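Participant: So here's upload02.csv, just CSV, C-alpha atoms:
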chain,number,residue,atom,x,y,z
A,9,MET,CA,9.5,-8.1,-61.2
A,10,THR,CA,12.3,-8.8,-58.9
A,11,ALA,CA,12.4,-7.4,-55.4
A,12,SER,CA,15.0,-4.8,-55.1
A,13,ILE,CA,17.1,-4.6,-52.0
A,14,ILE,CA,18.5,-1.3,-50.9
A,15,LYS,CA,21.6,-1.8,-49.0
A,16,LEU,CA,23.3,1.1,-47.3
A,17,ASP,CA,27.0,0.8,-46.3
A,18,THR,CA,27.1,1.5,-42.6
A,19,SER,CA,30.1,1.7,-40.4
A,20,ALA,CA,30.6,0.4,-36.9
A,21,GLU,CA,30.3,4.0,-35.8
A,22,ASP,CA,26.9,4.3,-37.4
A,23,HIS,CA,25.7,1.3,-35.6
A,24,HIS,CA,27.0,2.7,-32.4
A,25,ILE,CA,25.3,6.0,-32.9
A,26,ALA,CA,22.0,4.3,-33.8
A,27,ARG,CA,22.2,2.1,-30.6
A,28,MET,CA,22.8,5.2,-28.4
A,29,ALA,CA,20.0,7.1,-30.1
A,30,ALA,CA,17.7,4.1,-29.4
A,31,VAL,CA,18.6,4.2,-25.7
A,32,ALA,CA,17.9,8.0,-25.7
A,33,LEU,CA,14.6,7.4,-27.5
A,34,GLY,CA,13.6,4.8,-24.8
A,35,LEU,CA,14.3,7.4,-22.1
A,36,THR,CA,12.3,10.0,-24.0
A,37,ILE,CA,9.3,7.7,-24.1
A,38,LEU,CA,9.8,6.7,-20.4
A,39,GLU,CA,9.9,10.4,-19.5
A,40,ASN,CA,6.6,11.2,-21.4
A,41,ALA,CA,4.8,8.9,-19.0
A,42,ILE,CA,5.8,11.1,-16.1
A,43,PRO,CA,3.2,13.7,-15.4
A,44,SER,CA,4.6,17.3,-15.4
A,45,PRO,CA,3.2,20.2,-13.3
A,46,LEU,CA,3.9,22.7,-16.0
A,47,PRO,CA,4.3,22.0,-19.8
A,48,GLY,CA,7.9,22.3,-20.6
A,49,VAL,CA,9.3,21.3,-17.2
A,50,LYS,CA,10.7,17.8,-17.9
A,51,PRO,CA,13.8,16.0,-16.5
A,52,GLY,CA,15.3,15.5,-19.9
A,53,LEU,CA,16.6,12.0,-19.1
A,54,ALA,CA,17.6,11.4,-22.8
A,55,ASN,CA,20.4,14.0,-22.2
A,56,ILE,CA,22.1,11.6,-19.9
A,57,VAL,CA,22.9,9.6,-23.0
A,58,THR,CA,24.1,12.7,-24.9
A,59,LEU,CA,26.4,13.5,-22.0
A,60,ILE,CA,27.9,10.1,-22.0
A,61,VAL,CA,28.4,10.0,-25.7
A,62,LEU,CA,30.0,13.4,-25.6
A,63,ALA,CA,32.5,12.3,-23.0
A,64,ARG,CA,33.3,9.0,-24.6
A,65,TYR,CA,33.0,9.6,-28.4
A,66,GLY,CA,33.1,13.3,-28.9
A,67,TRP,CA,30.9,16.1,-30.0
A,68,ARG,CA,30.0,14.9,-33.5
A,69,ALA,CA,28.6,11.6,-32.2
A,70,ALA,CA,26.7,13.4,-29.4
A,71,ALA,CA,25.2,15.8,-32.0
A,72,TRP,CA,24.1,12.8,-34.1
A,73,VAL,CA,22.5,11.0,-31.1
A,74,SER,CA,20.8,14.1,-29.9
A,75,LEU,CA,19.3,15.1,-33.2
A,76,LEU,CA,18.3,11.6,-34.2
A,77,ARG,CA,16.5,11.3,-30.9
A,78,VAL,CA,14.6,14.6,-31.5
A,79,VAL,CA,13.5,13.6,-35.1
A,80,ALA,CA,12.7,9.9,-34.3
A,81,GLY,CA,11.0,10.9,-31.1
A,82,SER,CA,8.7,13.4,-32.9
A,83,LEU,CA,7.9,10.7,-35.5
A,84,LEU,CA,7.0,8.3,-32.6
A,85,PHE,CA,4.8,10.8,-30.8
A,86,GLY,CA,3.3,12.2,-34.1
A,87,ASN,CA,4.4,15.8,-33.7
A,88,PHE,CA,7.0,15.9,-36.4
A,89,LEU,CA,7.1,19.6,-37.7
A,90,ALA,CA,4.5,20.6,-35.1
A,91,PRO,CA,5.3,23.3,-32.5
A,92,GLY,CA,6.5,20.7,-30.0
A,93,PHE,CA,9.0,19.4,-32.5
A,94,PHE,CA,10.5,22.8,-33.0
A,95,LEU,CA,10.7,23.4,-29.3
A,96,SER,CA,12.7,20.2,-28.9
A,97,LEU,CA,14.9,21.0,-31.9
A,98,SER,CA,15.7,24.5,-30.8
A,99,GLY,CA,16.5,23.2,-27.3
A,100,ALA,CA,18.7,20.4,-28.6
A,101,LEU,CA,20.6,22.8,-31.1
A,102,CYS,CA,21.3,25.4,-28.4
A,103,SER,CA,22.5,22.6,-26.0
A,104,LEU,CA,24.8,21.2,-28.6
A,105,LEU,CA,26.2,24.6,-29.4
A,106,VAL,CA,27.0,25.3,-25.8
A,107,LEU,CA,28.4,21.8,-25.3
A,108,ALA,CA,30.7,22.4,-28.2
A,109,PHE,CA,32.4,25.0,-26.1
A,110,ALA,CA,31.8,23.4,-22.7
A,111,GLN,CA,33.6,20.2,-23.6
A,112,HIS,CA,36.8,22.2,-23.9
A,113,LEU,CA,36.7,23.1,-20.2
A,114,PRO,CA,39.6,21.6,-18.3
A,115,VAL,CA,38.7,18.0,-17.5
A,116,ARG,CA,40.6,18.2,-14.2
A,117,TRP,CA,38.0,20.6,-12.7
A,118,PHE,CA,34.9,20.3,-14.9
A,119,GLY,CA,32.9,17.1,-15.3
A,120,PRO,CA,29.6,16.0,-16.7
A,121,VAL,CA,27.7,17.9,-14.0
A,122,SER,CA,29.0,21.2,-15.5
A,123,HIS,CA,28.3,20.1,-19.0
A,124,SER,CA,24.8,19.1,-18.0
A,125,ILE,CA,24.0,22.3,-16.3
A,126,TYR,CA,25.2,24.5,-19.1
A,127,ALA,CA,23.3,22.4,-21.6
A,128,ALA,CA,20.2,22.6,-19.6
A,129,PHE,CA,20.3,26.4,-19.4
A,130,ALA,CA,21.0,26.5,-23.1
A,131,HIS,CA,18.1,24.2,-23.7
A,132,ILE,CA,15.5,26.4,-22.0
A,133,THR,CA,17.1,29.5,-23.6
A,134,GLY,CA,16.5,28.0,-27.0
A,135,GLN,CA,13.0,27.0,-26.2
A,136,MET,CA,12.0,30.3,-24.7
A,137,LEU,CA,13.3,32.1,-27.8
A,138,VAL,CA,11.1,29.9,-30.0
A,139,VAL,CA,8.2,30.4,-27.6
A,140,TYR,CA,8.6,34.2,-27.5
A,141,LEU,CA,9.5,34.8,-31.2
A,142,TRP,CA,7.0,32.4,-32.7
A,143,LEU,CA,4.4,30.8,-30.4
A,144,ILE,CA,3.5,33.3,-27.7
A,145,PRO,CA,4.9,36.8,-28.5
A,146,HIS,CA,3.7,38.2,-25.2
A,147,ALA,CA,5.8,39.6,-22.4
A,148,GLY,CA,3.7,37.6,-19.9
A,149,ILE,CA,5.9,34.5,-20.4
A,150,ALA,CA,8.7,36.3,-18.5
A,151,TYR,CA,6.9,35.3,-15.3
A,152,LEU,CA,7.6,31.6,-16.1
A,153,ILE,CA,11.3,32.1,-16.8
A,154,PRO,CA,12.5,31.7,-13.2
A,155,ILE,CA,10.6,28.4,-12.9
A,156,PHE,CA,12.2,27.1,-16.0
A,157,ALA,CA,15.6,28.3,-14.9
A,158,ALA,CA,15.3,26.6,-11.5
A,159,ALA,CA,14.1,23.4,-13.2
A,160,ALA,CA,17.1,23.5,-15.5
A,161,LEU,CA,19.5,23.9,-12.6
A,162,VAL,CA,17.9,21.0,-10.6
A,163,PHE,CA,17.5,18.6,-13.5
A,164,GLY,CA,20.8,19.6,-15.1
A,165,THR,CA,22.6,18.7,-11.9
A,166,VAL,CA,20.7,15.4,-11.4
A,167,ASN,CA,21.3,14.3,-15.0
A,168,GLY,CA,25.0,15.2,-14.8
A,169,LEU,CA,25.3,13.2,-11.6
A,170,ILE,CA,23.6,10.2,-13.2
A,171,ALA,CA,25.9,10.5,-16.3
A,172,ALA,CA,29.0,10.7,-14.0
A,173,ARG,CA,27.8,7.7,-12.1
A,174,PHE,CA,27.3,5.6,-15.3
A,175,MET,CA,30.8,6.5,-16.5
A,176,ASP,CA,32.4,5.6,-13.3
A,177,ASN,CA,32.8,1.9,-13.4
A,178,GLY,CA,36.4,1.3,-12.4
A,179,GLY,CA,37.6,2.9,-15.6
A,180,LYS,CA,35.6,0.6,-17.8
A,181,PRO,CA,33.1,2.4,-20.1
A,182,TYR,CA,29.6,1.4,-19.1
A,183,MET,CA,28.2,1.7,-22.6
A,184,GLU,CA,30.8,-0.6,-24.0
A,185,ARG,CA,29.9,-3.3,-21.5
A,186,LEU,CA,26.3,-2.9,-22.7
A,187,SER,CA,27.1,-3.4,-26.4
B,15,MET,CA,25.5,7.6,-0.6
B,16,HIS,CA,26.2,11.2,0.2
B,17,THR,CA,29.9,11.0,-0.3
B,18,VAL,CA,29.6,8.9,-3.4
B,19,THR,CA,27.4,11.6,-5.0
B,20,LEU,CA,29.7,14.4,-3.9
B,21,ARG,CA,32.7,12.6,-5.5
B,22,TYR,CA,31.2,13.4,-9.0
B,23,ILE,CA,31.1,17.1,-8.4
B,24,LYS,CA,34.5,18.6,-9.1
B,25,LEU,CA,35.7,22.0,-8.0
B,26,GLY,CA,34.7,23.6,-11.3
B,27,ASP,CA,31.3,21.9,-11.1
B,28,TRP,CA,30.7,23.7,-7.8
B,29,LEU,CA,31.5,26.9,-9.6
B,30,THR,CA,29.0,26.1,-12.3
B,31,LEU,CA,26.4,25.2,-9.7
B,32,LEU,CA,27.1,28.5,-7.9
B,33,LEU,CA,26.8,30.4,-11.2
B,34,GLY,CA,23.6,28.6,-12.0
B,35,SER,CA,22.0,29.4,-8.6
B,36,LEU,CA,23.1,33.0,-8.9
B,37,CYS,CA,21.4,33.1,-12.4
B,38,VAL,CA,18.2,31.7,-11.0
B,39,VAL,CA,18.2,34.1,-8.0
B,40,LEU,CA,18.8,37.1,-10.3
B,41,LEU,CA,16.0,36.0,-12.6
B,42,ILE,CA,13.6,35.7,-9.7
B,43,LEU,CA,14.6,39.1,-8.3
B,44,LYS,CA,14.3,40.7,-11.7
B,45,LEU,CA,11.1,39.1,-12.9
B,46,TRP,CA,9.1,38.5,-9.7
B,47,SER,CA,10.1,41.6,-7.7
B,48,GLY,CA,6.7,43.1,-8.0
B,49,GLY,CA,8.1,46.1,-9.8
B,50,LEU,CA,6.2,44.8,-12.8
B,51,ALA,CA,2.7,46.1,-12.8
B,52,ASP,CA,-0.2,43.8,-12.9
B,53,LYS,CA,-3.3,46.0,-12.8
B,54,ALA,CA,-4.4,49.3,-14.4
B,55,VAL,CA,-6.6,51.6,-12.4
B,56,ILE,CA,-8.6,53.9,-14.7
B,57,ARG,CA,-10.2,57.0,-13.1
B,58,SER,CA,-12.7,59.4,-14.5
B,59,GLY,CA,-13.7,62.6,-12.7
B,60,GLY,CA,-11.8,61.5,-9.6
B,61,LYS,CA,-13.7,58.3,-9.2
B,62,ILE,CA,-12.5,54.8,-10.2
B,63,PHE,CA,-14.0,54.0,-13.5
B,64,ARG,CA,-12.6,50.5,-14.0
B,65,GLU,CA,-9.7,48.3,-12.7
B,66,VAL,CA,-8.4,46.0,-15.4
B,67,PRO,CA,-5.7,43.3,-15.3
B,68,LEU,CA,-2.8,43.9,-17.7
B,69,SER,CA,-2.8,40.2,-18.7
B,70,ARG,CA,-5.5,40.7,-21.4
B,71,ASP,CA,-5.0,43.0,-24.4
B,72,GLN,CA,-7.9,45.3,-24.8
B,73,GLN,CA,-9.1,48.8,-25.6
B,74,ILE,CA,-11.3,50.8,-23.2
B,75,GLU,CA,-13.3,53.9,-23.9
B,76,VAL,CA,-13.6,56.3,-21.0
B,77,PRO,CA,-16.1,59.2,-21.1
B,78,GLY,CA,-15.1,62.6,-19.7
B,79,PRO,CA,-16.4,66.1,-19.8
B,80,LEU,CA,-14.7,66.9,-23.1
B,81,GLY,CA,-15.3,63.6,-24.8
B,82,VAL,CA,-14.0,60.0,-24.9
B,83,SER,CA,-10.5,59.0,-24.1
B,84,ILE,CA,-9.3,55.7,-25.5
B,85,ILE,CA,-7.0,53.5,-23.3
B,86,SER,CA,-5.2,50.6,-24.8
B,87,ILE,CA,-3.7,47.7,-22.9
B,88,GLN,CA,-1.1,45.6,-24.8
B,89,GLN,CA,1.6,43.2,-23.7
B,90,ARG,CA,1.4,44.1,-20.1
B,91,LYS,CA,1.7,47.8,-20.9
B,92,ALA,CA,-0.9,50.5,-20.9
B,93,ARG,CA,-1.2,53.8,-22.7
B,94,ILE,CA,-3.7,56.5,-23.6
B,95,VAL,CA,-4.3,56.2,-27.4
B,96,SER,CA,-6.4,59.3,-27.9
B,97,ASP,CA,-7.9,62.0,-25.8
B,98,PRO,CA,-9.8,65.2,-26.5
B,99,SER,CA,-7.5,67.3,-24.3
B,100,PRO,CA,-5.9,70.3,-26.1
B,101,ARG,CA,-2.2,69.7,-25.3
B,102,GLN,CA,-2.2,65.9,-25.4
B,103,TYR,CA,0.3,65.5,-22.5
B,104,CYS,CA,-1.1,62.1,-21.5
B,105,VAL,CA,-1.1,60.7,-25.0
B,106,ARG,CA,2.5,61.8,-25.6
B,107,GLN,CA,3.6,60.1,-22.3
B,108,GLY,CA,3.4,56.8,-24.2
B,109,TRP,CA,3.5,53.3,-22.7
B,110,LEU,CA,3.3,52.8,-19.0
B,111,GLN,CA,5.0,49.6,-17.7
B,112,GLN,CA,6.2,49.9,-14.1
B,113,ALA,CA,3.9,49.9,-11.1
B,114,GLY,CA,3.4,53.5,-9.9
B,115,GLU,CA,3.5,55.0,-13.3
B,116,ILE,CA,0.6,57.2,-14.2
B,117,ALA,CA,-0.8,59.2,-17.1
B,118,ILE,CA,-3.2,62.0,-16.4
B,119,CYS,CA,-5.4,63.8,-18.9
B,120,LEU,CA,-6.4,66.8,-16.7
B,121,PRO,CA,-8.8,68.6,-19.1
B,122,ASN,CA,-10.8,65.4,-19.6
B,123,GLN,CA,-10.4,64.3,-16.0
B,124,VAL,CA,-9.2,60.8,-17.0
B,125,SER,CA,-6.2,59.0,-15.6
B,126,VAL,CA,-4.5,55.6,-15.8
B,127,GLU,CA,-2.4,54.3,-13.0
B,128,LEU,CA,-0.5,51.0,-12.9
B,129,THR,CA,-0.4,49.1,-9.7
B,130,GLY,CA,1.6,46.1,-8.6
B,131,SER,CA,2.1,44.1,-5.5
B,132,GLN,CA,4.6,46.8,-4.4
B,133,LYS,CA,5.4,50.3,-5.7
B,134,LYS,CA,8.9,51.0,-6.8
B,135,TYR,CA,8.4,54.7,-6.9
B,136,ASP,CA,5.5,57.0,-7.5
B,137,SER,CA,5.8,59.5,-10.3
B,138,LEU,CA,3.8,62.1,-8.3
B,139,ASN,CA,5.6,62.0,-4.9
B,140,TYR,CA,9.0,60.6,-5.6
As a first step, turn the structure in this file into structure tokens.

Facilitator:
Amino acid sequence: MTASIIKLDTSAEDHHIARMAAVALGLTILENAIPSPLPGVKPGLANIVTLIVLARYGWRAAAWVSLLRVVAGSLLFGNFLAPGFFLSLSGALCSLLVLAFAQHLPVRWFGPVSHSIYAAFAHITGQMLVVYLWLIPHAGIAYLIPIFAAAALVFGTVNGLIAARFMDNGGKPYMERLS
Amino acid sequence: MHTVTLRYIKLGDWLTLLLGSLCVVLLILKLWSGGLADKAVIRSGGKIFREVPLSRDQQIEVPGPLGVSIISIQQRKARIVSDPSPRQYCVRQGWLQQAGEIAICLPNQVSVELTGSQKKYDSLNY
């Protein structure tokens, strides 16, 4: 029996998306090593990559990178199709939905910081919806919402600043220098 | 360092930051104001029968002169499920949610009052 080789035709763009998703995945793993005071309060470092991809290569590429990161990350941590996976997925989907609108804000006045904050708020909204409608249908979780919102504002701003810093290299795209 | 960081925040970004902060403040005021009740005080015959936290769902049976009133606590709300009183005023009052709300079954001398860290209003002396 001869060994069969499956070869997929991949474009340069596919490679690029895969590379970006790998960077995002690395940040996700790094982030999981950071202890969190409250489950769910995380910096969301991988979103820095999503923001950069959005600014450089558009929404479609950003959606690929974000969703690939969620699926591959859940496979790595062993929670694929577990509640944690659906929390990440709902957060990522809501963020992408909001980013689809936010990217059309006038570039002159709105930068990655705005995108990041809107996406962060969308992220916790998506997660709280899944938590309330599926995991903990109890009004008591309302007490935690201000904490999550404050965390979204802080981490959203910080991530946006980091993304802006990365993209500001004398006009030369940082990620292209990497690859 | 400071000026370098500030350079990345454009005018619209400040607007977004302001909007976000406003959102957080509103959420804190709305959800942590203390208007939400956190305890139910159950009285029978004028004396405190039990004080229970609203965080745990449960059913409590309170004896009175006419019989047993059943009080239910669910999802941070409380109500009187059944009562032997003839006109059923307290049962028909339904769910109590805010601090200061109270349901009284006079014939059976049973009452449930919600208390929080601060009272928004009192349904008896407004």

Participant: Near Arg70 (chain B), counting only C-alpha atoms, which residues have an atom at most 10 Å away, once you skip same-chain residues fewer than 4 positions from it, shown as a ChimeraX atom specification?

Facilitator: /A:148 /B:66,87-90

Participant: Tell me, as an MDAnalysis selection string, which residues lie within 6 Å of region 109-112 of chain B, counting only C-alpha atoms; anything in the same chain fewer than 5 positions away does not count.

Facilitator: chainID B and resid 50:51 91:93

Participant: I'd like to know which of B:Leu33, B:Ile56, B:Val105, B:Val95 is closest to Gln73 (chain B), using only C-alpha atoms.

Facilitator: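 Closest to Gln73 (chain B) of all the choices is B:Val95.
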
Participant: Considering all atoms listed in the file, tabulate each residue of chain A that lies at most 7 Å from chain B along with its nearest interatomic pair and the corresponding distance in Å to one decimal; arrange the rows by chain and ascending residue number and present them as a Markdown table.

Facilitator:
| residue | atom | partner | partner_atom | distance |
| --- | --- | --- | --- | --- |
| A:Trp117 | CA | B:Gly26 | CA | 4.7 |
| A:Phe118 | CA | B:Gly26 | CA | 4.9 |
| A:Gly119 | CA | B:Asp27 | CA | 6.6 |
| A:Val121 | CA | B:Asp27 | CA | 6.1 |
| A:Ser122 | CA | B:Asp27 | CA | 5.0 |
| A:His146 | CA | B:Gln89 | CA | 5.6 |
| A:Ala147 | CA | B:Gln89 | CA | 5.7 |
| A:Gly148 | CA | B:Arg90 | CA | 6.9 |
| A:Ala150 | CA | B:Leu45 | CA | 6.7 |
| A:Tyr151 | CA | B:Leu45 | CA | 6.2 |
| A:Pro154 | CA | B:Ile42 | CA | 5.4 |
| A:Ala157 | CA | B:Val38 | CA | 5.8 |
| A:Ala158 | CA | B:Val38 | CA | 5.9 |
| A:Leu161 | CA | B:Gly34 | CA | 6.3 |
| A:Leu169 | CA | B:Tyr22 | CA | 6.5 |
| A:Ala172 | CA | B:Tyr22 | CA | 6.1 |

Participant: Taking 2 positions as the minimum chain separation for residues in the same chain, which residues sit within 12 Å of Gly81 (chain B) when counting all atoms listed in the file? Answer as a count of residues only.

Facilitator: 18

Participant: Counting only C-alpha atoms, write as a ChimeraX atom specification all protein and nucleic acid residues lying at most 8 Å from (11.7, 13.3, -29.4) in the file's frame.

Facilitator: /A:33,36,77-85,93,96

Participant: I'd like the interatomic distance between CA of Ala71 (chain A) and CA of Ile14 (chain A), to a tenth of an Å.

Facilitator: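 That distance, rounded to one decimal, is 26.4 Å.
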
Participant: Please report the interatomic distance between CA of Ile25 (chain A) and CA of Pro120 (chain A) in Å with one decimal.

Facilitator: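 Going from CA of Ile25 (chain A) over to CA of Pro120 (chain A) covers 19.5 Å.
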
Participant: Could you check which residues have any atom within 10 Å of (8.5, 11.0, -21.8), counting all atoms listed in the file with coordinates taken straight from the file, and then list them as a compact mmCIF listing (two decimals) with C-alpha atoms, in the frame of the given file?

Facilitator:
# COMPACT_ATOMS: atom_id res chain seq x y z
CA LEU A 33 14.60 7.40 -27.50
CA GLY A 34 13.60 4.80 -24.80
CA LEU A 35 14.30 7.40 -22.10
CA THR A 36 12.30 10.00 -24.00
CA ILE A 37 9.30 7.70 -24.10
CA LEU A 38 9.80 6.70 -20.40
CA GLU A 39 9.90 10.40 -19.50
CA ASN A 40 6.60 11.20 -21.40
CA ALA A 41 4.80 8.90 -19.00
CA ILE A 42 5.80 11.10 -16.10
CA PRO A 43 3.20 13.70 -15.40
CA SER A 44 4.60 17.30 -15.40
CA LYS A 50 10.70 17.80 -17.90
CA PRO A 51 13.80 16.00 -16.50
CA GLY A 52 15.30 15.50 -19.90
CA LEU A 53 16.60 12.00 -19.10
CA ALA A 54 17.60 11.40 -22.80
CA GLY A 81 11.00 10.90 -31.10
CA PHE A 85 4.80 10.80 -30.80

Participant: When you look at Val55 (chain B) with a cut-off of 7 Å (counting all atoms listed in the file), what residues show up, excluding the ones that are within fewer than 4 positions of it in the same chain? I need them as a VMD selection string.

Facilitator: chain B and resid 64 to 66 126 to 128

Participant: Which is closest to Val115 (chain A) among A:Ala171, A:Val138, A:Ala63, A:Leu76, if we use only C-alpha atoms?

Facilitator: A:Ala63
